[in-house]
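Structure data (compact mmCIF, C-alpha atoms) from run.txt:
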```txt
# COMPACT_ATOMS: atom_id res chain seq x y z
CA MET C 1 -17.23 28.62 185.93
CA ALA C 2 -13.83 29.57 187.30
CA GLN C 3 -12.26 27.71 184.40
CA VAL C 4 -14.36 29.68 181.93
CA ARG C 5 -13.35 32.96 183.48
CA SER C 6 -9.72 31.86 183.35
CA LEU C 7 -10.00 31.10 179.64
CA GLU C 8 -11.73 34.39 179.08
CA THR C 9 -8.96 36.15 180.91
CA LEU C 10 -6.31 34.30 178.84
CA ASN C 11 -8.08 35.18 175.62
CA ALA C 12 -8.25 38.80 176.71
CA GLU C 13 -4.53 38.83 177.42
CA ILE C 14 -3.78 37.28 174.03
CA GLN C 15 -5.97 39.86 172.35
CA GLU C 16 -4.28 42.65 174.27
CA GLN C 17 -0.85 41.39 173.17
CA LYS C 18 -2.04 41.27 169.57
CA GLU C 19 -3.28 44.82 169.82
CA GLN C 20 0.02 45.91 171.30
CA VAL C 21 1.89 44.26 168.45
CA GLU C 22 -0.38 45.92 165.95
CA ASN C 23 0.07 49.28 167.69
CA VAL C 24 3.88 49.25 167.63
CA ASP C 25 4.75 52.81 166.66
CA PHE C 26 8.19 53.22 168.24
CA LYS C 27 11.30 51.19 167.53
CA MET C 28 14.59 51.54 169.33
CA ILE C 29 18.07 50.10 169.15
CA THR C 30 18.92 48.68 172.55
CA PHE C 31 22.37 48.53 174.11
CA SER C 32 24.06 48.33 177.49
CA LEU C 33 26.12 50.75 179.54
CA ALA C 34 27.68 49.60 182.82
CA GLY C 35 25.33 46.61 183.02
CA LYS C 36 22.05 48.48 182.44
CA ASP C 37 19.82 48.43 179.36
CA TYR C 38 19.30 51.55 177.26
CA GLY C 39 17.54 52.39 174.04
CA VAL C 40 17.64 55.10 171.40
CA ASP C 41 15.04 55.96 168.77
CA ILE C 42 15.88 53.97 165.65
CA MET C 43 15.07 57.04 163.54
CA ASN C 44 18.24 58.65 164.91
CA VAL C 45 20.44 55.61 164.19
CA LYS C 46 22.30 55.71 160.90
CA GLU C 47 24.13 52.43 161.34
CA ILE C 48 26.06 50.17 163.70
CA ALA C 49 29.86 49.96 163.46
CA LYS C 50 33.00 48.71 165.19
CA ALA C 51 36.37 50.48 165.35
CA ASP C 52 39.59 50.46 167.33
CA LYS C 53 41.43 53.56 166.12
CA PHE C 54 40.32 57.15 166.61
CA THR C 55 42.25 60.31 165.82
CA PHE C 56 42.93 62.55 168.80
CA VAL C 57 41.32 66.01 168.75
CA PRO C 58 43.27 68.64 170.69
CA ASN C 59 41.39 70.57 173.40
CA ALA C 60 38.25 68.45 173.07
CA ALA C 61 36.10 67.52 176.06
CA SER C 62 37.14 64.48 178.11
CA PHE C 63 34.31 62.32 176.77
CA VAL C 64 35.36 62.87 173.14
CA ARG C 65 37.49 59.92 172.04
CA GLY C 66 38.48 61.70 168.84
CA VAL C 67 37.29 61.61 165.26
CA TYR C 68 36.77 58.69 162.92
CA ASN C 69 36.85 58.30 159.17
CA LEU C 70 33.55 56.65 158.23
CA ARG C 71 33.94 55.91 154.50
CA GLY C 72 35.21 59.41 153.82
CA ASP C 73 33.00 61.25 156.34
CA ILE C 74 34.93 62.53 159.34
CA ILE C 75 32.72 62.23 162.43
CA PRO C 76 33.28 63.00 166.11
CA ILE C 77 33.24 60.03 168.50
CA VAL C 78 31.67 60.41 171.95
CA ASP C 79 32.13 57.74 174.59
CA LEU C 80 28.75 57.63 176.37
CA ARG C 81 30.34 55.89 179.35
CA ALA C 82 32.70 58.79 179.91
CA PHE C 83 29.92 61.29 179.16
CA PHE C 84 27.76 59.82 181.93
CA HIS C 85 30.71 59.07 184.26
CA LEU C 86 29.98 55.33 184.16
CA PRO C 87 32.42 52.42 184.61
CA MET C 88 34.04 51.43 181.32
CA GLU C 89 34.46 47.90 180.07
CA GLN C 90 37.60 47.38 178.02
CA ALA C 91 37.19 44.99 175.11
CA ALA C 92 39.88 42.32 174.98
CA ASP C 93 40.62 43.07 171.33
CA GLY C 94 40.37 46.85 171.77
CA ILE C 95 37.51 47.10 169.26
CA GLU C 96 34.69 49.39 170.42
CA ASN C 97 30.98 49.00 169.67
CA MET C 98 29.52 52.12 168.09
CA LEU C 99 26.11 53.50 167.26
CA ILE C 100 26.36 55.99 164.41
CA LEU C 101 23.71 58.62 165.04
CA ARG C 102 22.25 61.25 162.75
CA ILE C 103 21.05 64.35 164.60
CA ASP C 104 19.52 66.84 162.17
CA ASP C 105 22.20 67.26 159.49
CA ARG C 106 25.15 66.06 161.58
CA VAL C 107 26.52 62.58 162.20
CA TYR C 108 28.10 61.38 165.45
CA GLY C 109 29.59 58.13 166.65
CA THR C 110 28.81 56.90 170.17
CA ILE C 111 30.71 54.18 172.02
CA VAL C 112 28.70 51.75 174.16
CA ASP C 113 29.51 48.50 175.95
CA LYS C 114 27.29 46.17 173.92
CA ILE C 115 24.68 46.58 171.19
CA ASP C 116 21.72 44.23 171.60
CA LYS C 117 18.79 44.33 169.17
CA VAL C 118 15.86 46.28 167.72
CA VAL C 119 12.87 46.43 170.03
CA GLY C 120 9.42 47.59 168.93
CA ILE C 121 6.98 49.06 171.44
CA SER C 122 3.88 51.19 171.65
CA SER C 123 4.75 54.77 172.56
CA ASP C 124 1.84 54.68 175.02
CA THR C 125 3.84 52.27 177.19
CA ILE C 126 6.73 54.71 177.68
CA GLN C 127 6.78 56.12 181.21
CA PRO C 128 8.20 59.51 182.24
CA PRO C 129 11.83 59.47 183.41
CA HIS C 130 12.69 59.29 187.07
CA PRO C 131 16.12 59.40 188.74
CA ILE C 132 15.59 55.96 190.21
CA PHE C 133 15.77 54.39 186.77
CA GLY C 134 19.36 55.23 185.98
CA ASP C 135 22.75 56.49 187.01
CA ILE C 136 22.70 59.36 184.53
CA ASN C 137 21.38 62.89 184.55
CA ILE C 138 17.61 62.76 184.19
CA LYS C 139 17.59 65.59 181.64
CA PHE C 140 19.15 63.20 179.11
CA ILE C 141 16.40 60.56 179.56
CA SER C 142 13.25 60.80 177.45
CA GLY C 143 11.49 57.92 179.18
CA VAL C 144 11.60 54.35 180.44
CA VAL C 145 9.79 51.26 179.21
CA GLU C 146 9.44 47.62 180.20
CA LYS C 147 9.55 44.98 177.48
CA GLN C 148 9.65 41.21 178.02
CA GLY C 149 10.97 41.55 181.54
CA ALA C 150 13.71 44.08 180.67
CA LEU C 151 13.62 47.72 181.73
CA TYR C 152 15.00 50.08 179.09
CA ILE C 153 16.12 53.66 179.71
CA ILE C 154 15.45 55.63 176.53
CA LEU C 155 18.06 58.32 175.91
CA ASP C 156 17.24 61.72 174.48
CA VAL C 157 20.09 61.86 171.98
CA ILE C 158 18.92 65.15 170.54
CA ARG C 159 19.37 66.71 173.97
CA ILE C 160 22.71 64.97 174.46
CA PHE C 161 24.11 66.32 171.18
CA SER C 162 22.46 69.72 171.27
CA GLN C 163 23.10 72.45 173.79
CA SER C 164 20.18 74.65 174.75
CA GLU C 165 20.18 78.28 173.72
CA GLU C 166 20.27 79.20 177.40
CA ASP C 167 23.44 77.18 177.98
CA LYS C 168 25.06 78.57 174.84
CA ALA C 169 24.42 82.09 176.05
CA LYS C 170 26.14 81.50 179.38
CA PRO C 171 29.79 82.47 179.85
CA ARG C 172 32.12 79.50 179.84
CA ALA C 173 32.66 79.81 183.62
CA GLN C 174 28.89 79.40 184.19
CA ALA C 175 28.38 76.54 181.75
CA PRO C 176 26.74 73.41 183.20
CA GLN C 177 29.07 70.77 184.58
CA VAL C 178 27.96 68.26 181.94
CA GLU C 179 27.98 69.99 178.58
CA ALA C 180 26.15 68.78 175.51
CA ALA C 181 28.33 66.37 173.57
CA GLY C 182 27.68 68.09 170.27
CA ASP C 183 29.24 71.29 171.57
CA TYR C 184 32.74 69.93 172.15
CA TYR C 185 34.18 72.03 169.32
CA ALA C 186 33.37 75.09 171.43
CA ALA C 187 36.46 74.46 173.53
CA PRO C 188 38.98 77.25 172.89
CA VAL C 189 41.86 76.28 170.58
CA PRO C 190 45.17 78.14 170.82
CA ALA C 191 46.24 80.07 167.74
CA GLN C 192 49.55 78.17 167.69
CA PRO C 193 48.89 74.51 168.47
CA SER C 194 51.30 72.64 170.69
CA VAL C 195 53.58 69.94 169.32
CA ASP C 196 51.17 67.26 170.54
CA ALA C 197 48.18 69.10 169.04
CA GLY C 198 50.02 69.47 165.74
CA GLU C 199 50.90 65.79 165.69
CA GLY C 200 47.28 64.91 166.44
CA ALA C 201 46.01 67.06 163.58
CA LEU C 202 48.64 65.64 161.25
CA ASP C 203 47.63 62.10 162.24
CA PHE C 204 44.06 63.04 161.39
CA ILE C 205 45.16 64.13 157.92
CA ARG C 206 47.13 60.93 157.49
CA GLN C 207 43.96 58.96 158.15
CA SER C 208 41.75 61.15 155.96
CA LEU C 209 43.79 61.19 152.75
CA PRO C 210 43.40 57.48 151.90
CA ALA C 211 39.62 57.69 152.11
CA LEU C 212 39.22 61.05 150.41
CA LYS C 213 41.84 60.81 147.65
CA ARG C 214 43.41 57.34 147.88
CA PHE C 215 46.68 58.96 148.88
CA TYR C 216 48.57 56.75 151.35
CA PRO C 217 51.00 58.46 153.77
CA SER C 218 54.20 56.49 154.22
CA ALA C 219 57.97 56.85 154.38
CA VAL C 220 57.84 57.63 150.65
CA ASN C 221 56.04 60.95 151.23
CA ASP C 222 56.37 61.63 154.97
CA GLN C 223 58.86 64.49 154.65
CA TRP C 224 56.65 66.31 152.14
CA LEU C 225 53.57 65.63 154.25
CA ARG C 226 55.14 67.24 157.31
CA GLU C 227 56.41 70.25 155.38
CA ARG C 228 53.08 70.70 153.64
CA PHE C 229 51.18 70.47 156.92
CA ALA C 230 53.46 73.07 158.53
CA GLY C 231 52.66 75.57 155.77
CA TRP C 232 49.04 74.59 155.29
CA SER C 233 48.17 74.86 158.99
CA VAL C 234 49.27 78.49 159.29
CA GLY C 235 46.17 80.50 160.09
CA ARG C 236 44.09 77.37 160.71
CA SER C 237 43.00 75.93 164.04
CA GLY C 238 40.48 73.57 165.54
CA PRO C 239 38.11 72.03 162.98
CA ASP C 240 39.81 73.97 160.17
CA LEU C 241 42.82 71.67 160.60
CA GLN C 242 40.65 68.77 159.43
CA LEU C 243 40.11 67.58 155.87
CA LYS C 244 36.33 67.57 155.76
CA ASP C 245 35.79 66.52 152.15
CA ALA C 246 37.47 65.70 148.85
CA ALA C 247 37.77 69.38 147.91
CA ALA C 248 39.79 70.09 151.06
CA ALA C 249 42.00 67.07 150.33
CA ASP C 250 42.54 68.33 146.76
CA ASP C 251 43.67 71.66 148.18
CA PHE C 252 46.05 69.94 150.58
CA LEU C 253 47.54 67.76 147.81
CA SER C 254 47.67 70.52 145.19
CA ARG C 255 51.41 71.04 145.73
CA PHE C 256 52.32 67.37 145.77
CA TYR C 257 52.21 66.46 142.10
CA SER C 258 55.21 66.45 139.80
CA PRO C 259 55.45 69.05 137.03
CA PHE C 260 54.08 68.25 133.57
CA THR C 261 51.74 65.49 134.65
CA GLY C 262 49.79 64.37 131.58
CA THR C 263 51.76 66.59 129.20
CA PHE C 264 55.14 66.63 127.48
CA TRP C 265 58.02 67.57 129.76
CA ASP C 266 59.32 71.01 128.85
CA ASP C 267 62.92 71.58 127.74
CA ASP C 268 64.20 72.63 131.17
CA TYR C 269 62.70 69.64 132.99
CA ALA C 270 63.96 67.28 130.27
CA ALA C 271 67.48 68.72 130.72
CA GLN C 272 67.28 68.12 134.48
CA VAL C 273 66.27 64.50 133.95
CA THR C 274 69.06 64.04 131.41
CA SER C 275 71.67 65.44 133.78
CA CYS C 276 71.01 62.78 136.42
CA LEU C 277 70.87 59.73 134.13
CA PRO C 278 73.57 57.15 134.90
CA ASP C 279 76.49 56.19 132.71
CA VAL C 280 75.63 52.79 131.29
CA ASN C 281 78.26 50.48 129.81
CA SER C 282 75.82 48.54 127.70
CA ASN C 283 74.33 48.62 124.23
CA ASN C 284 70.91 47.80 125.67
CA ILE C 285 69.03 50.21 127.92
CA GLN C 286 66.05 48.64 129.66
CA ALA C 287 63.52 50.99 131.33
CA TRP C 288 60.16 50.67 133.05
CA ASN C 289 57.65 53.55 132.98
CA ILE C 290 54.89 53.00 135.55
CA GLY C 291 51.68 54.96 135.11
CA CYS C 292 52.36 56.21 131.60
CA GLY C 293 48.85 57.58 131.03
CA LYS C 294 48.23 58.63 127.43
CA GLY C 295 51.94 58.45 126.66
CA HIS C 296 53.21 62.04 126.81
CA GLU C 297 55.58 61.19 129.66
CA THR C 298 56.79 58.03 127.91
CA PHE C 299 57.51 59.79 124.63
CA SER C 300 59.35 62.53 126.51
CA PHE C 301 61.38 59.89 128.33
CA ALA C 302 62.12 57.96 125.14
CA CYS C 303 63.45 61.07 123.35
CA ILE C 304 65.69 61.86 126.32
CA LEU C 305 67.07 58.32 126.38
CA LYS C 306 67.63 58.34 122.60
CA ALA C 307 69.62 61.56 122.90
CA ARG C 308 71.54 60.47 126.02
CA TYR C 309 72.43 57.01 124.71
CA PRO C 310 72.52 57.45 120.91
CA ASP C 311 74.24 54.13 120.18
CA ALA C 312 72.17 51.99 122.53
CA ARG C 313 69.09 49.93 121.86
CA ILE C 314 66.35 51.47 124.01
CA LYS C 315 63.44 49.44 125.36
CA ILE C 316 60.74 50.97 127.59
CA TRP C 317 57.96 48.92 129.15
CA ALA C 318 55.18 51.51 129.61
CA ASN C 319 52.32 50.36 131.87
CA ASP C 320 49.02 51.86 132.94
CA ASN C 321 45.73 50.47 134.24
CA ASP C 322 43.68 52.95 132.17
CA ILE C 323 42.82 50.82 129.17
CA MET C 324 41.46 53.72 127.10
CA ALA C 325 44.59 55.80 127.62
CA ILE C 326 47.00 52.97 126.93
CA SER C 327 45.19 51.95 123.74
CA GLN C 328 45.41 55.46 122.28
CA ALA C 329 49.02 56.17 123.27
CA PRO C 330 50.91 54.53 120.36
CA ASN C 331 49.01 56.39 117.64
CA MET C 332 48.88 59.96 118.90
CA VAL C 333 49.30 62.78 116.39
CA PHE C 334 50.38 66.33 117.31
CA ASP C 335 50.81 69.83 116.00
CA LEU C 336 54.52 70.54 115.91
CA ILE C 337 54.04 73.72 117.93
CA ASP C 338 52.78 71.61 120.84
CA VAL C 339 55.91 69.45 120.94
CA PRO C 340 59.00 70.60 122.92
CA GLU C 341 62.27 71.26 121.06
CA TYR C 342 64.13 68.16 122.28
CA CYS C 343 61.40 65.91 120.86
CA ARG C 344 61.19 67.43 117.40
CA PRO C 345 64.23 65.63 115.90
CA PHE C 346 62.37 62.36 116.54
CA MET C 347 59.16 63.30 114.71
CA VAL C 348 57.86 62.75 111.20
CA ARG C 349 55.11 64.50 109.34
CA GLY C 350 52.03 62.62 108.24
CA ALA C 351 48.72 63.39 106.60
CA SER C 352 47.05 64.33 109.89
CA GLY C 353 49.99 65.96 111.66
CA TYR C 354 53.23 64.98 113.34
CA SER C 355 53.93 61.69 115.09
CA PHE C 356 57.02 60.07 116.53
CA ASN C 357 59.28 58.21 114.13
CA GLN C 358 59.35 54.45 113.94
CA ALA C 359 62.55 54.12 115.95
CA VAL C 360 60.94 55.85 118.95
CA LYS C 361 57.70 53.88 118.58
CA ASP C 362 59.62 50.61 118.37
CA SER C 363 61.44 51.45 121.58
CA ILE C 364 58.19 51.59 123.57
CA LEU C 365 55.90 48.73 124.51
CA PHE C 366 52.63 50.19 125.78
CA GLU C 367 50.78 47.61 127.87
CA TYR C 368 47.65 47.59 129.98
CA HIS C 369 48.84 46.38 133.37
CA ASP C 370 48.21 46.88 137.08
CA ILE C 371 51.51 46.95 138.92
CA ILE C 372 50.11 45.43 142.09
CA ASN C 373 50.05 42.16 140.14
CA ASP C 374 53.15 40.28 139.02
CA ASN C 375 55.60 42.33 136.95
CA PRO C 376 57.56 39.92 134.71
CA LEU C 377 60.31 42.24 133.50
CA PRO C 378 64.02 41.78 132.75
CA ASP C 379 66.79 43.46 134.72
CA LEU C 380 66.35 47.22 134.43
CA ASP C 381 68.62 50.23 134.10
CA ILE C 382 66.01 52.90 134.89
CA ILE C 383 62.60 52.89 136.56
CA LEU C 384 60.36 55.93 136.07
CA ALA C 385 57.50 56.03 138.59
CA ARG C 386 56.45 59.61 139.21
CA ASP C 387 53.66 60.08 141.77
CA MET C 388 52.69 56.42 141.65
CA LEU C 389 53.82 54.90 144.94
CA SER C 390 51.96 57.41 147.09
CA PHE C 391 48.63 56.31 145.61
CA LEU C 392 49.10 52.68 146.53
CA PRO C 393 48.33 51.19 149.97
CA VAL C 394 51.46 51.07 152.13
CA ALA C 395 51.81 47.29 151.86
CA GLU C 396 51.73 47.60 148.06
CA GLN C 397 54.27 50.43 148.19
CA GLU C 398 56.64 48.19 150.10
CA LYS C 399 56.05 45.35 147.68
CA ILE C 400 56.82 47.52 144.64
CA VAL C 401 59.95 49.02 146.22
CA ALA C 402 61.15 45.48 146.95
CA GLN C 403 60.66 44.73 143.26
CA PHE C 404 62.70 47.81 142.40
CA VAL C 405 65.58 46.35 144.37
CA GLU C 406 65.16 42.96 142.75
CA LYS C 407 64.97 44.22 139.15
CA LEU C 408 67.51 47.07 139.13
CA LYS C 409 70.95 46.47 137.68
CA GLY C 410 74.05 47.45 139.64
CA ARG C 411 73.98 51.13 138.70
CA GLY C 412 70.26 51.23 138.10
CA MET C 413 68.24 54.32 138.95
CA VAL C 414 64.71 55.02 140.18
CA ILE C 415 63.05 58.34 139.34
CA LEU C 416 60.09 59.10 141.61
CA GLY C 417 57.72 62.04 141.88
CA ARG C 418 58.98 65.44 142.89
CA ASN C 419 57.89 64.97 146.50
CA GLU C 420 58.60 61.27 146.93
CA GLU C 421 61.72 59.59 148.24
CA LEU C 422 63.29 56.23 148.93
CA SER C 423 64.67 56.42 152.44
CA GLY C 424 66.98 54.19 154.42
CA GLN C 425 70.63 53.26 154.24
CA GLU C 426 70.11 51.07 151.18
CA TRP C 427 69.19 54.05 148.96
CA ARG C 428 71.32 56.98 147.87
CA THR C 429 69.85 60.22 146.52
CA VAL C 430 71.40 61.35 143.24
CA ALA C 431 69.01 64.15 142.28
CA ARG C 432 66.82 66.54 144.22
CA PRO C 433 63.45 68.04 143.23
CA PRO C 434 62.04 68.81 140.80
CA VAL C 435 63.64 65.50 139.76
CA SER C 436 63.91 62.97 142.58
CA ALA C 437 66.28 60.16 141.63
CA PHE C 438 67.77 57.34 143.68
CA VAL C 439 70.20 54.47 143.25
CA HIS C 440 70.31 51.32 145.33
CA ARG C 441 73.49 50.81 147.35
CA GLU C 442 75.17 47.47 146.75
```
Once you've parsed the file, please lay out its structure as C-alpha cells.
Amino acid sequence: MAQVRSLETLNAEIQEQKEQVENVDFKMITFSLAGKDYGVDIMNVKEIAKADKFTFVPNAASFVRGVYNLRGDIIPIVDLRAFFHLPMEQAADGIENMLILRIDDRVYGTIVDKIDKVVGISSDTIQPPHPIFGDINIKFISGVVEKQGALYIILDVIRIFSQSEEDKAKPRAQAPQVEAAGDYYAAPVPAQPSVDAGEGALDFIRQSLPALKRFYPSAVNDQWLRERFAGWSVGRSGPDLQLKDAAAADDFLSRFYSPFTGTFWDDDYAAQVTSCLPDVNSNNIQAWNIGCGKGHETFSFACILKARYPDARIKIWANDNDIMAISQAPNMVFDLIDVPEYCRPFMVRGASGYSFNQAVKDSILFEYHDIINDNPLPDLDIILARDMLSFLPVAEQEKIVAQFVEKLKGRGMVILGRNEELSGQEWRTVARPPVSAFVHRE
C-alpha cells in the first residue's frame, strides 16, 4: 500500500509540473550580477548585445557609462553594477554584456556580468521582495522566484529607469541618494562646456556620423569637423550636443559639401580650379574623376582641361557606382542657357538641344566602378575626388590615398572636396578652399 501511495504521489507531482508548464505566463531573461542570479521581464527586453566602446557623457551620473550607437539609435548605457554599488567583474577582452531594454518609448542599454537564458515561470510562483534576497535596494525588486534550484531576483526595470513624480518634485539637494537611472540627463550642464566635455561631445559626433550618414571622421576631414563643431555647439548643451537622428546629422554636415555638387561648375569656380592646375610638359594629360555622378562635374573638368592644355590629348577616367547615372552621362542634352560660359565653346547644337562636341566626349571614359576595388589606371597627372574620401571607411580612405601616391606622376595633383585635406609631411597644399588641391612631395 505504501508503494501505491508513493506512485500516486509521484503521479501527482508529475501532473503538477505539467500544469505549471501549461500555466507559464511570465518569461524573463536571466543574468548575473556579482555572483547572484537576476531576471527581467522579457517584454522589456529589446535585444542582447555586446560592446566595448561607449562615448563619454559630460556631467552624467556615476553609473552612466556613456552612450552607444545601436545601428543609428543613440542610447544611454547604465552599468547596473555601479548603479547598485556591486563589485564589478572586468572582462578580459574588455567587451561588456548588455541587455537592451525598452521602457515605454525609450531604449536603454544595461551592462551586466553574464547573460544566461530565458526562463518561463508561472506568475503565481513569484514571491514578494525581501531585503534578505539581495544586496540591492528593495524598491527596485519586483519579486523573487525559485526555478530548478536557482533563486532569481526579478528587477523592476520600469522603476529603475523612471523617477517618481515625488522625487522629481524634490529640490536637487533633497533627491534620494540613488536616483532613477533614466533621469541622468537631469544633471545640470554648464552653458560653456569644459575642454573635456567638448571633446566628449565631439567624440560622440564622430561615432554617430558613420551610422547616420556614412560619413567617416578621419585626418582627411578632422580640421573641418573641429571647426564645424565649435560653431555648431554654440547655444547647445547636454543632449542637444548629440546627433539624435539623420536629420540632425544632415544639419551638421550641411556646410561640408563642395560647391556645385551635381551641377556644372560656375565660371568663378572653374577659374579657381584652372588657376591651380600644374604646368605639364607632356602632350598627354591623364586624369581620374572619382564619383562623377551624372557627368556635370566631369564635363566641367574636361572643358577646363581643354582650355588649359589646348595642344594636349586629354583623357579622363570618370567613375561612379551609380549605374543609372553613369549610363546616362555620355548622352546628356542641355539648353544653352543652363551651360556656363566657359563650356559653350565646346558645345554643338542638335535636334533636341545642345550637347558637348565629339572631342570632349572622346576625352571622357565614363565607367561604372566602385573605387574600393582594384583601380587599374595608368600614371596620372590629376585626380579629382571631391567629397569622396570622407564617405569611405577610414581603412578604405587610407587605401585610396596610398593609390593616389602610387599613381600620381612627379608633379601630379589631387583635388579634394572643399573641406577635405591630405595631411602629413608627404603632401603640400597648393590651393585653399573653395578649391583644395595637393601635390605629393618627392
- Min atom-atom distance to Cys292 (chain C) from the set C:Arg236, C:Arg428, C:Arg386, C:Arg349, counting only C-alpha atoms, belongs to C:Arg386
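As for CA of Asp79 (chain C) and CA of Asp105 (chain C), they are spaced 20.4 Å apart.
In this structure, CA of Ala325 (chain C) sits 21.1 Å away from CA of Leu416 (chain C).
From CA of Ile75 (chain C) back to CA of Val107 (chain C), the distance works out to 6.2 Å.
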- Shell around Thr261 (chain C) at 9 Å using all atoms listed in the file, local window under 2 positions removed, as a ChimeraX atom specification: /C:257-259,263-265,296-297,386
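Of the listed residues C:Pro76, C:Gly35, C:Gly149, C:Gly231, the one whose atoms come nearest to Val64 (chain C) is C:Pro76, with distances taken using only C-alpha atoms.
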- Query: Out of C:Val57, C:Ile141, C:Ser355, C:Glu341, which residue has the shortest atom-to-atom distance to Asp240 (chain C) when counting only C-alpha atoms?
  - Reply: C:Val57
- Distance query Tyr368 (chain C) at most 12 Å, all atoms listed in the file, self and fewer than 4 positions along chain excluded, as a list in words: Ile290, Gly291, Cys292, Gly293, Lys294, Trp317, Ala318, Asn319, Asp320, Asn321, Asp322, Ile323, Met324, Ala325, Ile326, Ser327, Gln328, Ala329, Asn373 and Asn375 of chain C
- Can you work out which one of C:Ala49, C:Asp279, C:Lys114, C:Gly72 has the shortest atom-to-atom distance to Ala249 (chain C), counting all atoms listed in the file? C:Gly72
- Write out as a PyMOL selection string which residues come within 12 Å of Ile136 (chain C) when counting all atoms listed in the file, dropping same-chain ones fewer than 5 positions away. chain C and resi 33-34+36+38+80-87+129-131+141-142+153-156+160+178
- Please identify all polymer residues within 8 Å of Thr125 (chain C), counting all atoms listed in the file, omitting same-chain residues fewer than 4 positions from it, and present them as a PyMOL selection string. chain C and resi 121+145-146
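Residues within 10 Å of Asn69 (chain C), counting all atoms listed in the file and excluding same-chain residues fewer than 5 positions away, are Ala51, Lys53, Phe54, Thr55, Ile74, Ile75, Pro76, Phe204, Gln207, Ser208, Leu209, Pro210, Ala211, Leu212 and Lys244 of chain C.
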Atoms to include: C-alpha atoms. Write the selected residues as a compact mmCIF listing (two decimals), keeping the file's coordinate frame.
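Below you can see result_23.txt, which holds the result:
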```txt
# COMPACT_ATOMS: atom_id res chain seq x y z
CA ALA C 51 36.37 50.48 165.35
CA LYS C 53 41.43 53.56 166.12
CA PHE C 54 40.32 57.15 166.61
CA THR C 55 42.25 60.31 165.82
CA ILE C 74 34.93 62.53 159.34
CA ILE C 75 32.72 62.23 162.43
CA PRO C 76 33.28 63.00 166.11
CA PHE C 204 44.06 63.04 161.39
CA GLN C 207 43.96 58.96 158.15
CA SER C 208 41.75 61.15 155.96
CA LEU C 209 43.79 61.19 152.75
CA PRO C 210 43.40 57.48 151.90
CA ALA C 211 39.62 57.69 152.11
CA LEU C 212 39.22 61.05 150.41
CA LYS C 244 36.33 67.57 155.76
```
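With distances taken over all atoms listed in the file, C:Lys27 is the one residue among C:Lys27, C:Ala201, C:Ala61, C:Val78 lying closest to Gly120 (chain C).
Each of C:His440, C:Arg65, C:Arg71, C:Lys46 was checked against Arg214 (chain C) using all atoms listed in the file; the smallest atom-to-atom distance is that of C:Arg71.
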